[in-house]
Amino acid sequence: MTEPAIEFSNVSLRLGGSSIYDNLSFEIGAGEFVCLLGPSGCGKSTALRLIGDLMPWQGGSVRVEGMAPKNAWQKLAFVFQAPRLLPWKSALDNAAFGLEMRKPEVGVASRRARAGEELARLGLAADAHKMPAMLSGGERQRVAIARALALDPDIVLMDEPFSALDHNTRTRLRRQIVDLWQETRKTVLFVTHDIDEAIYLADRIIVLSKKPTVVSEVVTVSAARPRDIEGDAGLKAMRAHLISAFSSIETHDQQEQFA
Ligand SMILES: Nc1ncnc2c1ncn2[C@@H]1O[C@H](COP(=O)(O)OP(=O)(O)O)[C@@H](O)[C@H]1O
Ligand SMILES: [Mg+2]
């Protein structure tokens, strides 16, 4: 059996005196597109921090391609909700910046060539010279995706990357990220709190409970891509199921707050 790309095994984590994870376990297979779906504050971003060796935990194990996170960070690239571009660098040099940080031994011309390829793949070839202030929100986020892909990571960790964008841009970028994934077959772990987004994107949806967080269920989405939730009875039923599962998680949460 091939090794999982990412494995959480009975991970427990306490922060500031409260329990965030209570024996959290899940696996992501190599090449899979997995969405981590859960209520606000359940520890989705924290899971990505553990994978990226940005934070310690107390119990259990986190493995990335079979390794401890501290030995695996070169396999990973991140895309966050905010694009985090340097305002004084062009789109091209922003897309090359991940490489500049991680692989300074690669010369500037090669870094720019790699970054240019990724910008072109994202439809931004003509915008490479523009400064971030000249780009739309969606274009900036595509530069951030190009910056991640220029590193040629095995695993891309995305933390609600489209949630700050307008509806049309978000829809377009979801389609584009599916195309990119089908082209590159990288492992993608995509955090979202948006049920439709998870159904549109994922091979599997890992649904997290409220804190102390465990996996509340795993939903496999086998429909062919590109997906049309409205036009597919199975996907509509999945959406209805997830909405009701989610509202019971959140209602439970409120009851506890008022108890
Ligand atoms: N450094 C910290 N100290 C204490 N609590 C923290 C810290 N970082 C995050 N938390 C708490 O951990 C929980 C999970 O946070 P986070 O992973 O950002 O949630 P999500 O991304 O699912 O919305 C939240 O309740 C948050 O308040
Ligand atoms: Mg978060």
# chains A, B, ... in the order shown; residues from 1 in each chain; ligands from 1
>>> residues_around(residues="Leu76 in chain A", least_positions_apart="2", cutoff="10 Å", atoms="only C-alpha atoms", output="list in words")
Ile51, Gly52, Val64, Pro69, Ala72, Trp73, Gln74, Phe78, Ala148, Leu149, Leu151, Asp152, Pro153, Asp154, Ile155, Val156, Leu157, Thr187 and Val188 of chain A
>>> write_last_selection(atoms="C-alpha atoms", output="PDB file, in the first residue's frame")
ATOM      1  CA  ILE A  51       1.114  19.831   8.847  1.00  0.00           C
ATOM      2  CA  GLY A  52       3.430  22.751   8.028  1.00  0.00           C
ATOM      3  CA  VAL A  64       3.576  14.021   5.892  1.00  0.00           C
ATOM      4  CA  PRO A  69       6.395  17.661   9.603  1.00  0.00           C
ATOM      5  CA  ALA A  72       8.654  17.480   5.182  1.00  0.00           C
ATOM      6  CA  TRP A  73       8.079  21.223   4.788  1.00  0.00           C
ATOM      7  CA  GLN A  74       9.749  21.208   1.367  1.00  0.00           C
ATOM      8  CA  PHE A  78       0.379  27.141   1.172  1.00  0.00           C
ATOM      9  CA  ALA A 148       2.660  28.057  -4.522  1.00  0.00           C
ATOM     10  CA  LEU A 149       2.738  25.974  -7.721  1.00  0.00           C
ATOM     11  CA  LEU A 151       7.598  25.518  -5.886  1.00  0.00           C
ATOM     12  CA  ASP A 152       6.374  22.299  -7.523  1.00  0.00           C
ATOM     13  CA  PRO A 153       5.157  20.941  -4.163  1.00  0.00           C
ATOM     14  CA  ASP A 154       3.728  17.438  -3.793  1.00  0.00           C
ATOM     15  CA  ILE A 155       1.011  18.808  -1.526  1.00  0.00           C
ATOM     16  CA  VAL A 156      -0.891  22.095  -1.729  1.00  0.00           C
ATOM     17  CA  LEU A 157      -2.558  23.318   1.469  1.00  0.00           C
ATOM     18  CA  THR A 187      -2.409  16.291  -3.402  1.00  0.00           C
ATOM     19  CA  VAL A 188      -4.717  19.118  -2.317  1.00  0.00           C
TER      20      VAL A 188
END
>>> residues_near_ligand(ligand="ligand 2", cutoff="8 Å", atoms="only C-alpha atoms and all ligand atoms", output="ChimeraX atom specification")
/A:40-41,43-46,159-160,191
>>> write_last_selection(atoms="N, CA and C atoms", output="PDB file, in the first residue's frame")
ATOM      1  N   SER A  40     -16.686  27.291  12.166  1.00  0.00           N
ATOM      2  CA  SER A  40     -15.667  28.268  12.523  1.00  0.00           C
ATOM      3  C   SER A  40     -15.075  27.945  13.899  1.00  0.00           C
ATOM      4  N   GLY A  41     -13.757  27.989  13.987  1.00  0.00           N
ATOM      5  CA  GLY A  41     -13.095  27.775  15.272  1.00  0.00           C
ATOM      6  C   GLY A  41     -12.844  26.314  15.628  1.00  0.00           C
ATOM      7  N   GLY A  43     -10.740  24.310  14.265  1.00  0.00           N
ATOM      8  CA  GLY A  43      -9.323  23.946  14.152  1.00  0.00           C
ATOM      9  C   GLY A  43      -8.885  23.546  12.750  1.00  0.00           C
ATOM     10  N   LYS A  44      -9.552  24.088  11.725  1.00  0.00           N
ATOM     11  CA  LYS A  44      -9.171  23.768  10.347  1.00  0.00           C
ATOM     12  C   LYS A  44      -7.817  24.395  10.000  1.00  0.00           C
ATOM     13  N   SER A  45      -7.693  25.702  10.263  1.00  0.00           N
ATOM     14  CA  SER A  45      -6.412  26.365   9.973  1.00  0.00           C
ATOM     15  C   SER A  45      -5.301  25.767  10.824  1.00  0.00           C
ATOM     16  N   THR A  46      -5.650  25.434  12.052  1.00  0.00           N
ATOM     17  CA  THR A  46      -4.669  24.827  12.950  1.00  0.00           C
ATOM     18  C   THR A  46      -4.140  23.512  12.378  1.00  0.00           C
ATOM     19  N   ASP A 159      -6.179  27.376   2.506  1.00  0.00           N
ATOM     20  CA  ASP A 159      -7.011  27.749   3.657  1.00  0.00           C
ATOM     21  C   ASP A 159      -8.044  28.800   3.251  1.00  0.00           C
ATOM     22  N   GLU A 160      -9.248  28.347   2.928  1.00  0.00           N
ATOM     23  CA  GLU A 160     -10.341  29.229   2.501  1.00  0.00           C
ATOM     24  C   GLU A 160      -9.862  30.255   1.477  1.00  0.00           C
ATOM     25  N   VAL A 191      -9.219  23.742   2.860  1.00  0.00           N
ATOM     26  CA  VAL A 191     -10.082  24.064   4.007  1.00  0.00           C
ATOM     27  C   VAL A 191     -11.210  24.986   3.567  1.00  0.00           C
TER      28      VAL A 191
END
>>> residues_near_ligand(ligand="ligand 1", cutoff="10 Å", atoms="only C-alpha atoms and all ligand atoms", output="NGL selection string")
:A and (13-21 or 36-50 or 55 or 159-160 or 191-193 or 208-213)
>>> residues_around(residues="Ala198 in chain A", least_positions_apart="5", cutoff="12 Å", atoms="only C-alpha atoms", output="PyMOL selection string")
chain A and resi 33-38+160+162+174+178+189-193+203-207+218-221+227+229+235+238-239+242-243
>>> write_last_selection(atoms="C-alpha atoms", output="PDB file, in the first residue's frame")
ATOM      1  CA  PHE A  33      -8.404  16.399  -3.504  1.00  0.00           C
ATOM      2  CA  VAL A  34      -9.789  16.530   0.028  1.00  0.00           C
ATOM      3  CA  CYS A  35     -11.876  19.281   1.607  1.00  0.00           C
ATOM      4  CA  LEU A  36     -11.746  19.820   5.333  1.00  0.00           C
ATOM      5  CA  LEU A  37     -15.187  21.175   6.209  1.00  0.00           C
ATOM      6  CA  GLY A  38     -16.103  22.339   9.675  1.00  0.00           C
ATOM      7  CA  GLU A 160     -10.341  29.229   2.501  1.00  0.00           C
ATOM      8  CA  PHE A 162     -11.684  31.984  -2.249  1.00  0.00           C
ATOM      9  CA  ARG A 174     -13.152  26.909  -8.306  1.00  0.00           C
ATOM     10  CA  VAL A 178     -10.206  21.714 -10.554  1.00  0.00           C
ATOM     11  CA  LEU A 189      -6.006  19.700   1.191  1.00  0.00           C
ATOM     12  CA  PHE A 190      -8.536  22.501   0.912  1.00  0.00           C
ATOM     13  CA  VAL A 191     -10.082  24.064   4.007  1.00  0.00           C
ATOM     14  CA  THR A 192     -13.544  25.541   3.682  1.00  0.00           C
ATOM     15  CA  HIS A 193     -16.688  26.209   5.666  1.00  0.00           C
ATOM     16  CA  ASP A 203     -12.950  13.613  -3.915  1.00  0.00           C
ATOM     17  CA  ARG A 204     -13.711  13.295  -0.227  1.00  0.00           C
ATOM     18  CA  ILE A 205     -15.070  15.722   2.344  1.00  0.00           C
ATOM     19  CA  ILE A 206     -13.826  15.306   5.896  1.00  0.00           C
ATOM     20  CA  VAL A 207     -16.458  16.871   8.148  1.00  0.00           C
ATOM     21  CA  VAL A 218     -16.325  11.452   5.743  1.00  0.00           C
ATOM     22  CA  VAL A 219     -18.327  11.923   2.537  1.00  0.00           C
ATOM     23  CA  THR A 220     -17.044  10.541  -0.764  1.00  0.00           C
ATOM     24  CA  VAL A 221     -18.009  12.559  -3.827  1.00  0.00           C
ATOM     25  CA  ARG A 227     -19.923  19.287 -11.297  1.00  0.00           C
ATOM     26  CA  ILE A 229     -24.953  20.555  -8.010  1.00  0.00           C
ATOM     27  CA  LEU A 235     -25.280  16.021  -5.225  1.00  0.00           C
ATOM     28  CA  MET A 238     -25.579  15.355  -0.389  1.00  0.00           C
ATOM     29  CA  ARG A 239     -25.926  19.108   0.058  1.00  0.00           C
ATOM     30  CA  LEU A 242     -24.501  18.271   4.921  1.00  0.00           C
ATOM     31  CA  ILE A 243     -26.649  21.331   5.647  1.00  0.00           C
TER      32      ILE A 243
END
>>> select_by_dssp(residues="range 26-204 of chain A", states="alpha helix (DSSP H)", output="PDB file with C-alpha atoms, in the first residue's frame")
ATOM      1  CA  LYS A  44      -9.171  23.768  10.347  1.00  0.00           C
ATOM      2  CA  SER A  45      -6.412  26.365   9.973  1.00  0.00           C
ATOM      3  CA  THR A  46      -4.669  24.827  12.950  1.00  0.00           C
ATOM      4  CA  ALA A  47      -4.568  21.457  11.146  1.00  0.00           C
ATOM      5  CA  LEU A  48      -2.683  23.104   8.270  1.00  0.00           C
ATOM      6  CA  ARG A  49      -0.288  24.713  10.784  1.00  0.00           C
ATOM      7  CA  LEU A  50       0.494  21.310  12.299  1.00  0.00           C
ATOM      8  CA  ILE A  51       1.114  19.831   8.847  1.00  0.00           C
ATOM      9  CA  ALA A  91       3.076  39.776 -10.279  1.00  0.00           C
ATOM     10  CA  LEU A  92       5.993  37.856 -11.815  1.00  0.00           C
ATOM     11  CA  ASP A  93       8.371  38.546  -8.928  1.00  0.00           C
ATOM     12  CA  ASN A  94       5.632  37.797  -6.400  1.00  0.00           C
ATOM     13  CA  ALA A  95       5.008  34.466  -8.129  1.00  0.00           C
ATOM     14  CA  PHE A  97       9.048  34.865  -4.345  1.00  0.00           C
ATOM     15  CA  GLY A  98       8.320  31.431  -2.844  1.00  0.00           C
ATOM     16  CA  LEU A  99      11.203  30.019  -4.876  1.00  0.00           C
ATOM     17  CA  GLU A 100      13.405  32.956  -3.898  1.00  0.00           C
ATOM     18  CA  MET A 101      12.814  32.138  -0.225  1.00  0.00           C
ATOM     19  CA  ARG A 102      12.950  28.369  -0.429  1.00  0.00           C
ATOM     20  CA  VAL A 108      16.789  34.737 -10.717  1.00  0.00           C
ATOM     21  CA  ALA A 109      16.268  34.047 -14.439  1.00  0.00           C
ATOM     22  CA  SER A 110      15.169  30.443 -13.779  1.00  0.00           C
ATOM     23  CA  ARG A 111      12.926  31.525 -10.919  1.00  0.00           C
ATOM     24  CA  ARG A 112      11.226  34.054 -13.160  1.00  0.00           C
ATOM     25  CA  ALA A 113      10.874  31.481 -15.925  1.00  0.00           C
ATOM     26  CA  ARG A 114       9.166  29.034 -13.541  1.00  0.00           C
ATOM     27  CA  ALA A 115       6.937  31.768 -12.130  1.00  0.00           C
ATOM     28  CA  GLY A 116       6.036  32.892 -15.647  1.00  0.00           C
ATOM     29  CA  GLU A 117       4.951  29.367 -16.596  1.00  0.00           C
ATOM     30  CA  GLU A 118       2.630  29.182 -13.604  1.00  0.00           C
ATOM     31  CA  LEU A 119       1.189  32.648 -14.230  1.00  0.00           C
ATOM     32  CA  ALA A 120       0.497  31.613 -17.829  1.00  0.00           C
ATOM     33  CA  ARG A 121      -1.187  28.436 -16.648  1.00  0.00           C
ATOM     34  CA  GLY A 137      -8.815  40.428  -5.978  1.00  0.00           C
ATOM     35  CA  GLY A 138      -9.202  37.280  -8.076  1.00  0.00           C
ATOM     36  CA  GLU A 139      -6.040  38.051 -10.053  1.00  0.00           C
ATOM     37  CA  ARG A 140      -4.066  38.583  -6.853  1.00  0.00           C
ATOM     38  CA  GLN A 141      -5.244  35.264  -5.516  1.00  0.00           C
ATOM     39  CA  ARG A 142      -4.199  33.606  -8.796  1.00  0.00           C
ATOM     40  CA  VAL A 143      -0.714  35.108  -8.321  1.00  0.00           C
ATOM     41  CA  ALA A 144      -0.644  33.528  -4.844  1.00  0.00           C
ATOM     42  CA  ILE A 145      -1.627  30.167  -6.363  1.00  0.00           C
ATOM     43  CA  ALA A 146       1.104  30.558  -9.019  1.00  0.00           C
ATOM     44  CA  ARG A 147       3.612  31.323  -6.232  1.00  0.00           C
ATOM     45  CA  ALA A 148       2.660  28.057  -4.522  1.00  0.00           C
ATOM     46  CA  LEU A 149       2.738  25.974  -7.721  1.00  0.00           C
ATOM     47  CA  HIS A 167     -19.419  35.177  -6.121  1.00  0.00           C
ATOM     48  CA  ASN A 168     -18.527  35.169  -9.829  1.00  0.00           C
ATOM     49  CA  THR A 169     -14.791  35.246  -9.220  1.00  0.00           C
ATOM     50  CA  ARG A 170     -15.112  32.473  -6.677  1.00  0.00           C
ATOM     51  CA  THR A 171     -17.059  30.308  -9.115  1.00  0.00           C
ATOM     52  CA  ARG A 172     -14.471  30.893 -11.832  1.00  0.00           C
ATOM     53  CA  LEU A 173     -11.532  30.105  -9.568  1.00  0.00           C
ATOM     54  CA  ARG A 174     -13.152  26.909  -8.306  1.00  0.00           C
ATOM     55  CA  ARG A 175     -13.427  25.730 -11.902  1.00  0.00           C
ATOM     56  CA  GLN A 176      -9.826  26.726 -12.545  1.00  0.00           C
ATOM     57  CA  ILE A 177      -8.473  24.938  -9.471  1.00  0.00           C
ATOM     58  CA  VAL A 178     -10.206  21.714 -10.554  1.00  0.00           C
ATOM     59  CA  ASP A 179      -8.589  22.028 -14.006  1.00  0.00           C
ATOM     60  CA  LEU A 180      -5.193  22.656 -12.422  1.00  0.00           C
ATOM     61  CA  TRP A 181      -5.568  19.679 -10.125  1.00  0.00           C
ATOM     62  CA  GLN A 182      -6.580  17.413 -12.998  1.00  0.00           C
ATOM     63  CA  GLU A 183      -3.527  18.599 -14.920  1.00  0.00           C
ATOM     64  CA  THR A 184      -0.985  18.314 -12.112  1.00  0.00           C
ATOM     65  CA  ILE A 195     -20.724  23.166   1.754  1.00  0.00           C
ATOM     66  CA  ASP A 196     -21.272  23.827  -1.977  1.00  0.00           C
ATOM     67  CA  GLU A 197     -17.586  24.563  -2.439  1.00  0.00           C
ATOM     68  CA  ALA A 198     -16.628  21.252  -0.825  1.00  0.00           C
ATOM     69  CA  ILE A 199     -19.121  19.296  -2.968  1.00  0.00           C
ATOM     70  CA  TYR A 200     -17.932  21.036  -6.131  1.00  0.00           C
ATOM     71  CA  LEU A 201     -14.244  20.404  -5.467  1.00  0.00           C
TER      72      LEU A 201
END
>>> residues_around(residues="range 22-27 of chain A", least_positions_apart="5", cutoff="8 Å", atoms="only C-alpha atoms", output="compact mmCIF listing (two decimals) with N, CA and C atoms, in the first residue's frame")
# COMPACT_ATOMS: atom_id res chain seq x y z
N PRO A 4 0.11 7.29 2.91
CA PRO A 4 -0.73 8.48 2.76
C PRO A 4 0.13 9.74 2.63
N ALA A 5 -0.39 10.72 1.90
CA ALA A 5 0.32 12.00 1.78
C ALA A 5 0.33 12.70 3.14
N ILE A 6 -0.80 12.62 3.82
CA ILE A 6 -0.93 13.24 5.14
C ILE A 6 -1.67 12.28 6.05
N GLU A 7 -1.20 12.16 7.27
CA GLU A 7 -1.88 11.29 8.23
C GLU A 7 -1.91 11.94 9.61
N PHE A 8 -3.11 12.10 10.15
CA PHE A 8 -3.31 12.50 11.55
C PHE A 8 -3.74 11.25 12.27
N SER A 9 -3.05 10.93 13.34
CA SER A 9 -3.40 9.73 14.05
C SER A 9 -3.54 10.04 15.54
N ASN A 10 -4.80 10.04 16.00
CA ASN A 10 -5.09 10.34 17.42
C ASN A 10 -4.41 11.61 17.92
N VAL A 11 -4.53 12.66 17.14
CA VAL A 11 -3.85 13.91 17.52
C VAL A 11 -4.67 14.63 18.58
N SER A 12 -4.02 14.97 19.68
CA SER A 12 -4.69 15.82 20.66
C SER A 12 -3.90 17.11 20.82
N LEU A 13 -4.66 18.17 20.99
CA LEU A 13 -4.07 19.51 21.03
C LEU A 13 -4.85 20.36 22.02
N GLY A 59 -0.43 15.18 21.72
CA GLY A 59 -0.51 13.72 21.65
C GLY A 59 -0.75 13.23 20.24
N GLY A 60 -0.39 11.97 19.99
CA GLY A 60 -0.64 11.37 18.69
C GLY A 60 0.41 11.80 17.67
N PRO A 212 -14.25 19.84 21.51
CA PRO A 212 -12.99 19.24 21.05
C PRO A 212 -13.23 18.41 19.79
N THR A 213 -12.45 18.72 18.77
CA THR A 213 -12.76 18.30 17.41
C THR A 213 -12.35 16.87 17.11
N VAL A 214 -13.30 16.15 16.52
CA VAL A 214 -13.04 14.83 15.93
C VAL A 214 -13.65 14.85 14.52
N VAL A 215 -13.40 13.79 13.75
CA VAL A 215 -14.04 13.69 12.44
C VAL A 215 -15.47 13.26 12.67
>>> select_by_dssp(residues="range 30-251 of chain A", states="strand (DSSP E)", output="MDAnalysis selection string")
chainID A and resid 33:37 59:64 76:79 155:159 187:192 204:208 215:220
